[in-house]
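Novice: Quick one, final-v1.cif (mmCIF, C-alpha atoms):
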data_run
#
loop_
_atom_site.group_PDB
_atom_site.id
_atom_site.type_symbol
_atom_site.label_atom_id
_atom_site.label_comp_id
_atom_site.auth_asym_id
_atom_site.auth_seq_id
_atom_site.Cartn_x
_atom_site.Cartn_y
_atom_site.Cartn_z
ATOM 1 C CA MET A 49 19.136 19.249 -24.567
ATOM 2 C CA ALA A 50 22.763 18.234 -24.660
ATOM 3 C CA GLN A 51 23.546 21.791 -23.737
ATOM 4 C CA HIS A 52 21.290 21.559 -20.729
ATOM 5 C CA SER A 53 22.826 18.433 -19.303
ATOM 6 C CA ALA A 54 26.348 19.633 -19.997
ATOM 7 C CA GLN A 55 25.602 22.773 -18.091
ATOM 8 C CA ASP A 56 24.186 20.777 -15.197
ATOM 9 C CA THR A 57 27.238 18.565 -14.966
ATOM 10 C CA HIS A 58 29.327 21.657 -14.827
ATOM 11 C CA ASP A 59 27.063 23.063 -12.157
ATOM 12 C CA SER A 60 27.293 20.146 -9.806
ATOM 13 C CA HIS A 61 31.048 20.150 -10.094
ATOM 14 C CA GLY A 62 31.303 23.845 -9.418
ATOM 15 C CA GLY A 63 29.764 24.244 -5.976
ATOM 16 C CA HIS A 64 30.116 21.386 -3.577
ATOM 17 C CA ASP A 65 28.161 21.964 -0.428
ATOM 18 C CA THR A 66 26.743 25.408 -0.534
ATOM 19 C CA HIS A 67 25.315 25.473 -4.017
ATOM 20 C CA GLY A 68 21.725 26.376 -3.452
ATOM 21 C CA SER A 69 21.748 27.229 -7.134
ATOM 22 C CA HIS A 70 18.478 26.089 -8.724
ATOM 23 C CA GLU A 71 16.000 23.571 -7.401
ATOM 24 C CA GLY A 72 17.016 21.321 -4.545
ATOM 25 C CA HIS A 73 20.173 19.580 -5.627
ATOM 26 C CA GLY A 74 22.078 18.332 -2.636
ATOM 27 C CA SER A 75 25.187 16.225 -2.659
ATOM 28 C CA LEU A 76 25.909 12.579 -1.988
ATOM 29 C CA LYS A 77 27.348 13.625 1.349
ATOM 30 C CA SER A 78 24.130 15.263 2.499
ATOM 31 C CA TYR A 79 22.074 12.232 1.466
ATOM 32 C CA VAL A 80 24.396 9.826 3.275
ATOM 33 C CA ILE A 81 24.401 11.967 6.433
ATOM 34 C CA GLY A 82 20.605 12.194 6.297
ATOM 35 C CA PHE A 83 20.267 8.438 5.813
ATOM 36 C CA LEU A 84 22.633 7.619 8.699
ATOM 37 C CA LEU A 85 20.889 10.082 11.016
ATOM 38 C CA SER A 86 17.519 8.579 10.073
ATOM 39 C CA LEU A 87 18.802 5.071 10.803
ATOM 40 C CA VAL A 88 20.044 6.156 14.227
ATOM 41 C CA LEU A 89 16.808 8.007 14.983
ATOM 42 C CA THR A 90 14.844 4.858 14.078
ATOM 43 C CA ALA A 91 17.119 2.590 16.110
ATOM 44 C CA ILE A 92 16.774 4.661 19.319
ATOM 45 C CA PRO A 93 12.988 4.181 19.749
ATOM 46 C CA LEU A 94 13.310 0.525 18.738
ATOM 47 C CA TYR A 95 15.956 -0.059 21.384
ATOM 48 C CA ILE A 96 13.878 1.700 24.027
ATOM 49 C CA VAL A 97 10.623 -0.101 23.288
ATOM 50 C CA LEU A 98 11.971 -3.590 22.637
ATOM 51 C CA ASN A 99 14.144 -3.588 25.770
ATOM 52 C CA ASP A 100 11.673 -1.727 28.009
ATOM 53 C CA VAL A 101 14.291 0.880 28.886
ATOM 54 C CA LEU A 102 11.819 3.658 29.574
ATOM 55 C CA GLU A 103 8.151 3.606 30.462
ATOM 56 C CA GLY A 104 5.124 5.871 30.421
ATOM 57 C CA SER A 105 5.435 9.492 29.446
ATOM 58 C CA ALA A 106 9.255 9.474 29.399
ATOM 59 C CA ALA A 107 9.153 6.836 26.666
ATOM 60 C CA ASN A 108 6.480 8.793 24.782
ATOM 61 C CA VAL A 109 8.606 11.936 24.865
ATOM 62 C CA VAL A 110 11.663 10.113 23.525
ATOM 63 C CA LEU A 111 9.622 8.334 20.827
ATOM 64 C CA LEU A 112 7.872 11.470 19.595
ATOM 65 C CA GLY A 113 11.105 13.455 19.934
ATOM 66 C CA SER A 114 12.989 11.072 17.652
ATOM 67 C CA ALA A 115 10.126 11.097 15.154
ATOM 68 C CA VAL A 116 10.103 14.901 15.027
ATOM 69 C CA LEU A 117 13.914 15.014 14.773
ATOM 70 C CA GLN A 118 13.787 12.540 11.908
ATOM 71 C CA PHE A 119 11.187 14.717 10.202
ATOM 72 C CA VAL A 120 13.570 17.669 10.488
ATOM 73 C CA VAL A 121 16.500 15.569 9.227
ATOM 74 C CA GLN A 122 14.526 14.479 6.161
ATOM 75 C CA LEU A 123 13.344 18.039 5.501
ATOM 76 C CA PHE A 124 16.888 19.373 5.459
ATOM 77 C CA TYR A 125 18.962 16.513 4.065
ATOM 78 C CA PHE A 126 16.472 14.893 1.652
ATOM 79 C CA MET A 127 13.944 17.582 0.775
ATOM 80 C CA HIS A 128 16.502 20.426 0.729
ATOM 81 C CA LEU A 129 14.314 22.941 2.514
ATOM 82 C CA LYS A 130 17.365 25.017 3.431
ATOM 83 C CA GLU A 131 18.406 25.497 -0.196
ATOM 84 C CA GLU A 132 15.269 27.377 -1.136
ATOM 85 C CA GLY A 133 15.625 30.814 -2.744
ATOM 86 C CA LYS A 134 14.851 34.083 -0.998
ATOM 87 C CA PRO A 135 11.080 34.428 -0.802
ATOM 88 C CA ARG A 136 10.771 31.239 1.223
ATOM 89 C CA TYR A 137 7.269 30.299 0.155
ATOM 90 C CA ASN A 138 7.852 26.583 0.695
ATOM 91 C CA LEU A 139 8.835 27.205 4.287
ATOM 92 C CA MET A 140 5.851 29.500 4.852
ATOM 93 C CA VAL A 141 3.401 26.967 3.416
ATOM 94 C CA LEU A 142 5.023 24.270 5.550
ATOM 95 C CA ILE A 143 4.638 26.334 8.713
ATOM 96 C CA LEU A 144 1.001 27.097 7.899
ATOM 97 C CA GLY A 145 0.374 23.384 7.253
ATOM 98 C CA LEU A 146 2.068 22.347 10.484
ATOM 99 C CA PHE A 147 0.030 24.930 12.380
ATOM 100 C CA ILE A 148 -3.191 23.471 10.958
ATOM 101 C CA VAL A 149 -2.078 19.906 11.738
ATOM 102 C CA MET A 150 -1.154 20.853 15.317
ATOM 103 C CA THR A 151 -4.527 22.542 15.773
ATOM 104 C CA ILE A 152 -6.411 19.525 14.437
ATOM 105 C CA VAL A 153 -4.463 16.924 16.407
ATOM 106 C CA GLY A 154 -4.024 18.922 19.604
ATOM 107 C CA GLY A 155 -7.579 20.247 19.519
ATOM 108 C CA SER A 156 -9.112 16.819 18.911
ATOM 109 C CA VAL A 157 -7.122 15.201 21.680
ATOM 110 C CA TRP A 158 -7.858 18.038 24.097
ATOM 111 C CA ILE A 159 -11.598 18.057 23.417
ATOM 112 C CA MET A 160 -11.981 14.288 23.478
ATOM 113 C CA THR A 161 -10.020 13.913 26.691
ATOM 114 C CA TYR A 162 -12.605 15.980 28.538
ATOM 115 C CA ASN A 163 -15.513 14.515 26.596
ATOM 116 C CA LYS A 164 -15.613 11.420 28.780
ATOM 117 C CA VAL A 165 -18.070 13.165 31.117
ATOM 118 C CA GLY A 166 -20.728 13.548 28.469
ATOM 119 C CA MET B 196 -1.428 14.039 -21.562
ATOM 120 C CA ALA B 197 2.012 14.016 -20.111
ATOM 121 C CA GLN B 198 3.453 13.749 -23.565
ATOM 122 C CA SER B 199 1.539 16.741 -24.876
ATOM 123 C CA GLY B 200 2.820 18.625 -21.847
ATOM 124 C CA ASN B 201 6.345 17.749 -22.866
ATOM 125 C CA HIS B 202 5.828 19.122 -26.323
ATOM 126 C CA SER B 203 4.140 22.361 -25.429
ATOM 127 C CA ILE B 204 6.866 23.193 -22.962
ATOM 128 C CA ALA B 205 9.624 22.320 -25.369
ATOM 129 C CA ASN B 206 7.939 24.547 -27.936
ATOM 130 C CA SER B 207 7.480 27.504 -25.673
ATOM 131 C CA SER B 208 11.082 27.390 -24.554
ATOM 132 C CA HIS B 209 12.346 27.350 -28.108
ATOM 133 C CA GLY B 210 9.782 29.743 -29.536
ATOM 134 C CA HIS B 211 10.417 32.723 -27.316
ATOM 135 C CA GLY B 212 13.936 33.766 -27.934
ATOM 136 C CA HIS B 213 14.014 36.283 -25.133
ATOM 137 C CA ALA B 214 14.930 34.945 -21.722
ATOM 138 C CA HIS B 215 13.840 31.459 -22.725
ATOM 139 C CA ASP B 216 15.732 29.728 -19.962
ATOM 140 C CA ASP B 217 14.464 32.022 -17.241
ATOM 141 C CA GLY B 218 10.780 31.879 -18.081
ATOM 142 C CA HIS B 219 11.055 28.154 -18.581
ATOM 143 C CA HIS B 220 12.745 27.630 -15.282
ATOM 144 C CA ASP B 221 10.237 29.795 -13.466
ATOM 145 C CA LEU B 222 7.385 27.680 -14.798
ATOM 146 C CA GLU B 223 9.002 24.463 -13.629
ATOM 147 C CA ALA B 224 9.815 26.026 -10.252
ATOM 148 C CA LEU B 225 6.197 27.147 -9.956
ATOM 149 C CA ARG B 226 5.056 23.593 -10.635
ATOM 150 C CA MET B 227 7.423 22.293 -7.966
ATOM 151 C CA MET B 228 5.885 24.740 -5.549
ATOM 152 C CA GLY B 229 2.374 23.720 -6.560
ATOM 153 C CA PHE B 230 3.290 20.167 -5.714
ATOM 154 C CA TRP B 231 4.743 21.276 -2.411
ATOM 155 C CA ILE B 232 1.399 22.900 -1.562
ATOM 156 C CA PHE B 233 -0.325 19.619 -2.428
ATOM 157 C CA LEU B 234 2.052 17.811 -0.069
ATOM 158 C CA ILE B 235 1.129 20.182 2.741
ATOM 159 C CA THR B 236 -2.586 19.552 2.175
ATOM 160 C CA ASP B 237 -1.808 15.826 2.183
ATOM 161 C CA CYS B 238 -0.070 16.465 5.495
ATOM 162 C CA ILE B 239 -3.349 17.911 6.794
ATOM 163 C CA LEU B 240 -5.204 14.826 5.539
ATOM 164 C CA PHE B 241 -2.858 12.596 7.507
ATOM 165 C CA GLY B 242 -3.109 14.986 10.455
ATOM 166 C CA THR B 243 -6.879 14.441 10.662
ATOM 167 C CA LEU B 244 -6.413 10.672 10.366
ATOM 168 C CA PHE B 245 -3.797 10.744 13.140
ATOM 169 C CA ALA B 246 -6.131 12.842 15.299
ATOM 170 C CA THR B 247 -8.910 10.294 14.762
ATOM 171 C CA TYR B 248 -6.548 7.451 15.546
ATOM 172 C CA VAL B 249 -5.283 9.026 18.759
ATOM 173 C CA VAL B 250 -8.812 9.868 19.914
ATOM 174 C CA LEU B 251 -10.098 6.339 19.217
ATOM 175 C CA ASN B 252 -7.002 4.664 20.636
ATOM 176 C CA GLY B 253 -8.030 2.028 23.188
ATOM 177 C CA ASN B 254 -11.643 1.758 22.009
ATOM 178 C CA THR B 255 -11.419 -1.886 21.044
ATOM 179 C CA ALA B 256 -14.956 -2.772 22.228
ATOM 180 C CA GLY B 257 -13.742 -5.859 24.078
ATOM 181 C CA GLY B 258 -12.189 -7.228 20.884
ATOM 182 C CA PRO B 259 -8.531 -7.822 20.065
ATOM 183 C CA THR B 260 -6.103 -5.111 21.174
ATOM 184 C CA PRO B 261 -3.163 -3.836 19.125
ATOM 185 C CA SER B 262 -0.533 -5.053 21.575
ATOM 186 C CA GLU B 263 -1.887 -8.604 21.219
ATOM 187 C CA LEU B 264 -1.792 -8.619 17.433
ATOM 188 C CA PHE B 265 1.062 -6.369 16.265
ATOM 189 C CA GLU B 266 4.072 -8.291 15.079
ATOM 190 C CA MET B 267 7.072 -6.046 15.242
ATOM 191 C CA PRO B 268 9.570 -7.883 12.981
ATOM 192 C CA GLY B 269 7.425 -7.217 9.897
ATOM 193 C CA VAL B 270 6.847 -3.599 10.892
ATOM 194 C CA ILE B 271 10.536 -3.015 11.576
ATOM 195 C CA ALA B 272 11.377 -4.485 8.170
ATOM 196 C CA GLU B 273 8.799 -2.175 6.547
ATOM 197 C CA THR B 274 10.321 0.825 8.310
ATOM 198 C CA PHE B 275 13.883 0.136 7.184
ATOM 199 C CA ILE B 276 12.742 -0.739 3.659
ATOM 200 C CA LEU B 277 10.893 2.563 3.289
ATOM 201 C CA LEU B 278 13.763 4.499 4.842
ATOM 202 C CA THR B 279 16.231 2.925 2.416
ATOM 203 C CA SER B 280 13.915 3.605 -0.517
ATOM 204 C CA SER B 281 13.753 7.262 0.494
ATOM 205 C CA PHE B 282 17.572 7.303 0.349
ATOM 206 C CA THR B 283 17.714 5.538 -3.031
ATOM 207 C CA SER B 284 15.208 7.982 -4.521
ATOM 208 C CA GLY B 285 17.616 10.709 -3.415
ATOM 209 C CA LEU B 286 20.465 8.868 -5.158
ATOM 210 C CA ALA B 287 18.298 8.795 -8.297
ATOM 211 C CA VAL B 288 18.023 12.592 -8.169
ATOM 212 C CA LEU B 289 21.806 12.847 -7.761
ATOM 213 C CA CYS B 290 22.317 10.681 -10.870
ATOM 214 C CA MET B 291 19.870 12.879 -12.736
ATOM 215 C CA ASN B 292 21.742 16.049 -11.771
ATOM 216 C CA ARG B 293 24.888 14.447 -13.210
ATOM 217 C CA GLY B 294 22.991 13.711 -16.427
ATOM 218 C CA ASP B 295 23.326 9.954 -15.908
ATOM 219 C CA ARG B 296 20.085 8.550 -17.334
ATOM 220 C CA LYS B 297 20.953 4.901 -16.826
ATOM 221 C CA GLY B 298 21.856 5.406 -13.167
ATOM 222 C CA LEU B 299 18.719 7.454 -12.662
ATOM 223 C CA ILE B 300 16.458 4.724 -14.043
ATOM 224 C CA ILE B 301 18.293 2.013 -12.090
ATOM 225 C CA TRP B 302 17.968 3.865 -8.776
ATOM 226 C CA LEU B 303 14.307 4.641 -9.501
ATOM 227 C CA ALA B 304 13.750 0.945 -10.225
ATOM 228 C CA ILE B 305 15.429 -0.017 -6.945
ATOM 229 C CA THR B 306 13.249 2.522 -5.142
ATOM 230 C CA ALA B 307 10.130 1.105 -6.780
ATOM 231 C CA LEU B 308 11.179 -2.460 -5.867
ATOM 232 C CA LEU B 309 11.671 -1.461 -2.240
ATOM 233 C CA GLY B 310 8.306 0.305 -2.323
ATOM 234 C CA ALA B 311 6.672 -2.809 -3.763
ATOM 235 C CA SER B 312 8.129 -4.993 -1.025
ATOM 236 C CA PHE B 313 6.860 -2.483 1.540
ATOM 237 C CA VAL B 314 3.341 -2.693 0.108
ATOM 238 C CA SER B 315 3.406 -6.492 -0.055
ATOM 239 C CA LEU B 316 4.577 -6.712 3.574
ATOM 240 C CA GLU B 317 1.775 -4.381 4.596
ATOM 241 C CA VAL B 318 -0.864 -6.317 2.662
ATOM 242 C CA THR B 319 0.380 -9.563 4.265
ATOM 243 C CA GLU B 320 0.089 -7.897 7.666
ATOM 244 C CA PHE B 321 -3.466 -6.693 6.967
ATOM 245 C CA VAL B 322 -4.581 -10.134 5.773
ATOM 246 C CA LYS B 323 -3.131 -11.694 8.904
ATOM 247 C CA LEU B 324 -4.851 -9.157 11.157
ATOM 248 C CA VAL B 325 -8.207 -9.840 9.510
ATOM 249 C CA HIS B 326 -7.694 -13.590 9.948
ATOM 250 C CA GLU B 327 -6.984 -13.027 13.614
ATOM 251 C CA GLY B 328 -10.273 -11.228 14.056
ATOM 252 C CA ALA B 329 -9.284 -7.568 13.659
ATOM 253 C CA ALA B 330 -11.084 -6.257 10.583
ATOM 254 C CA ILE B 331 -11.964 -2.660 9.762
ATOM 255 C CA SER B 332 -15.475 -3.189 11.198
ATOM 256 C CA THR B 333 -14.346 -4.900 14.419
ATOM 257 C CA SER B 334 -14.091 -1.808 16.598
ATOM 258 C CA ALA B 335 -13.527 1.924 16.499
ATOM 259 C CA TYR B 336 -9.834 1.350 17.115
ATOM 260 C CA TRP B 337 -9.365 -1.004 14.175
ATOM 261 C CA SER B 338 -11.420 1.266 11.890
ATOM 262 C CA ALA B 339 -9.061 4.122 12.684
ATOM 263 C CA PHE B 340 -6.032 1.835 12.338
ATOM 264 C CA PHE B 341 -6.951 0.481 8.906
ATOM 265 C CA THR B 342 -7.961 3.918 7.641
ATOM 266 C CA LEU B 343 -4.721 5.573 8.728
ATOM 267 C CA VAL B 344 -2.274 2.815 7.764
ATOM 268 C CA GLY B 345 -4.298 1.913 4.665
ATOM 269 C CA THR B 346 -4.309 5.504 3.399
ATOM 270 C CA HIS B 347 -0.540 5.577 3.709
ATOM 271 C CA GLY B 348 -0.271 2.225 1.895
ATOM 272 C CA LEU B 349 -2.512 3.573 -0.852
ATOM 273 C CA HIS B 350 -0.235 6.591 -1.233
ATOM 274 C CA VAL B 351 2.776 4.307 -1.589
ATOM 275 C CA SER B 352 0.946 2.199 -4.197
ATOM 276 C CA ILE B 353 0.038 5.299 -6.206
ATOM 277 C CA GLY B 354 3.655 6.429 -5.913
ATOM 278 C CA LEU B 355 4.752 3.087 -7.398
ATOM 279 C CA VAL B 356 2.553 3.459 -10.490
ATOM 280 C CA TRP B 357 3.704 7.056 -10.829
ATOM 281 C CA MET B 358 7.373 6.145 -10.538
ATOM 282 C CA ILE B 359 7.076 3.410 -13.154
ATOM 283 C CA SER B 360 5.390 5.789 -15.597
ATOM 284 C CA ILE B 361 8.163 8.327 -15.064
ATOM 285 C CA MET B 362 10.739 5.608 -15.758
ATOM 286 C CA ILE B 363 8.972 4.908 -19.067
ATOM 287 C CA GLN B 364 8.984 8.626 -19.910
ATOM 288 C CA LEU B 365 12.677 8.841 -19.080
ATOM 289 C CA GLY B 366 13.323 5.916 -21.401
ATOM 290 C CA ARG B 367 11.485 7.729 -24.201
ATOM 291 C CA HIS B 368 12.443 11.361 -23.742
ATOM 292 C CA GLY B 369 15.627 11.235 -21.713
ATOM 293 C CA ILE B 370 16.491 13.833 -19.110
ATOM 294 C CA ASN B 371 15.063 17.214 -20.053
ATOM 295 C CA SER B 372 13.728 20.021 -17.937
ATOM 296 C CA VAL B 373 10.250 18.465 -17.846
ATOM 297 C CA THR B 374 11.245 14.924 -16.889
ATOM 298 C CA LYS B 375 13.710 16.477 -14.481
ATOM 299 C CA ARG B 376 10.951 18.325 -12.686
ATOM 300 C CA LYS B 377 8.865 15.134 -12.627
ATOM 301 C CA VAL B 378 11.668 13.127 -11.019
ATOM 302 C CA ASN B 379 12.222 15.907 -8.475
ATOM 303 C CA ILE B 380 8.528 15.892 -7.625
ATOM 304 C CA VAL B 381 8.176 12.124 -7.323
ATOM 305 C CA SER B 382 11.219 11.957 -5.083
ATOM 306 C CA LEU B 383 9.774 14.749 -2.923
ATOM 307 C CA TYR B 384 6.565 12.734 -2.696
ATOM 308 C CA TRP B 385 8.528 9.645 -1.731
ATOM 309 C CA HIS B 386 10.436 11.448 1.035
ATOM 310 C CA PHE B 387 7.103 12.766 2.295
ATOM 311 C CA LEU B 388 5.656 9.240 2.466
ATOM 312 C CA ASP B 389 8.683 8.156 4.448
ATOM 313 C CA VAL B 390 8.127 11.004 6.911
ATOM 314 C CA VAL B 391 4.467 10.035 7.323
ATOM 315 C CA TRP B 392 5.504 6.421 7.890
ATOM 316 C CA ILE B 393 7.893 7.492 10.652
ATOM 317 C CA PHE B 394 4.906 8.914 12.507
ATOM 318 C CA VAL B 395 2.763 5.852 11.764
ATOM 319 C CA PHE B 396 5.581 3.659 13.035
ATOM 320 C CA THR B 397 6.027 5.746 16.190
ATOM 321 C CA ILE B 398 2.457 6.536 17.111
ATOM 322 C CA VAL B 399 0.659 3.413 15.891
ATOM 323 C CA TYR B 400 3.154 0.601 16.312
ATOM 324 C CA MET B 401 5.726 1.662 18.901
ATOM 325 C CA MET B 402 3.206 3.280 21.236
ATOM 326 C CA GLY B 403 0.758 0.461 20.496
ATOM 327 C CA VAL B 404 3.046 -2.297 21.757
ATOM 328 C CA MET B 405 4.465 -0.314 24.661
#
Rewrite the coordinates I just gave you, this time as structure tokens.
Specialist:
Amino acid sequence: MAQHSAQDTHDSHGGHDTHGSHEGHGSLKSYVIGFLLSLVLTAIPLYIVLNDVLEGSAANVVLLGSAVLQFVVQLFYFMHLKEEGKPRYNLMVLILGLFIVMTIVGGSVWIMTYNKVG
Amino acid sequence: MAQSGNHSIANSSHGHGHAHDDGHHDLEALRMMGFWIFLITDCILFGTLFATYVVLNGNTAGGPTPSELFEMPGVIAETFILLTSSFTSGLAVLCMNRGDRKGLIIWLAITALLGASFVSLEVTEFVKLVHEGAAISTSAYWSAFFTLVGTHGLHVSIGLVWMISIMIQLGRHGINSVTKRKVNIVSLYWHFLDVVWIFVFTIVYMMGVM
């Protein structure tokens, strides 16, 4: 066990940014950048909604846009999606899942919008 | 159960002399991926709840509407608390990769504390909503609201229990490849809950008060 942890310490000293060595490791820098970006991406919608800067669909686009961007930020900086090894199964499963979610949400909204007639 | 898992894995890695590190690592990596697949199915669960919420949005049956009842200061506090806890769970993983058990447990404890304050803020909010006449049975809108936000809150609560049990395991067994994988998984789960909350915050609260 001591051997294991010694090796790991060595590992994290060896490669700074680009070590996609084993599982997702990441560095303090990437976590701090991710956290700051998330804070900014949360502050933008708050500013817009609380001060009534934008209205209607423009506001919706900015709100959803910042949410999606924050999702991407967390995927890369916190969940280390980019550091995955070659057969990128995690990415593939993620894309499949997102496709299903889009179909469910988009399909439901689409159908129910035109359901008002019936 | 978790303990027996620890033992069997420790045994298998020591027993097979050939390529013990590789096979061992593959197993843990496979388990990480299994958890990732679970997260994606959880994503689909939340997707259906979001779809329901969006479809039922506005169907308040003449009862209270979200823009009347939502109180943003509490929600904003919840958002920043969960965001910070996502960051601190990342710091816990960094401590673990350095082999710093004490730091790891401290950051996990901070994460769990932040998670607990998130849950208590949410419960306070729910109680207040019910007192103001918006219960889960009030209208289609509030049913969808409580189901979506409540399911997320339930996930966070489960994550709390899980995190505490991992802290106990870390205290007993220290950082080994099994506890390491468990910390990686729980922090992945925690980041995921933060991502889901971002969408709850945007779609339910921000668009609700707009």
Novice: If the PyMOL selection byres ((chain B) within 8 of (chain A)) is run on the structure shown, which residues does it catch, given as number ranges by chain?
Specialist: B: 224, 228, 231-232, 235-236, 238-239, 242-243, 245-247, 249-250, 275, 278-279, 282, 285-286, 288-289, 292-294, 370-371, 383, 386, 390, 393-394, 397-398, 401-402, 405
Novice: How many Å separate CA of Ile305 (chain B) from CA of Leu129 (chain A)?
Specialist: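 About the pair CA of Ile305 (chain B) and CA of Leu129 (chain A): they are 24.9 Å apart.
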Novice: Distance CA of Gly328 (chain B)-CA of Val391 (chain B), one decimal place?
Specialist: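 Pair CA of Gly328 (chain B) / CA of Val391 (chain B) returns 26.7 Å.
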Novice: So that I can check the surroundings of Ser284 (chain B), please list as a list in words every protein, DNA and RNA residue that reaches within 7 Å of it, counting all atoms listed in the file and ignoring chain neighbours fewer than 6 positions away.
Specialist: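 Contacts, in chain order: Trp302, Leu303, Thr306 and Ser382 of chain B.
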Novice: Rounded to one decimal place, report the CA of Trp392 (chain B)-CA of Gly345 (chain B) distance in Å.
Specialist: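 These atoms are spaced 11.3 Å apart.
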Novice: Within 10 Å of Phe341 (chain B), counting all atoms listed in the file, which residues qualify if same-chain residues fewer than 3 places away don't, as a list in words?
Specialist: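 So the residues in contact are Tyr248, Phe321, Ala329, Ala330, Ile331, Ser332, Tyr336, Trp337, Ser338, Val344, Gly345, Thr346, His347 and Gly348 of chain B.
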Novice: Any idea what's packed within 12 Å of Ala272 (chain B), counting only C-alpha atoms, ignoring anything in its chain fewer than 2 positions away? Could you give it as a list of chain:residue names?
Specialist: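 Within the cut-off, the hits are A:Thr90, A:Leu94, B:Glu266, B:Met267, B:Pro268, B:Gly269, B:Val270, B:Thr274, B:Phe275, B:Ile276, B:Leu277, B:Leu278, B:Thr279, B:Leu309, B:Gly310, B:Ser312, B:Phe313, B:Val314, B:Ser315, B:Leu316, B:Glu317, B:Glu320, B:Phe396.
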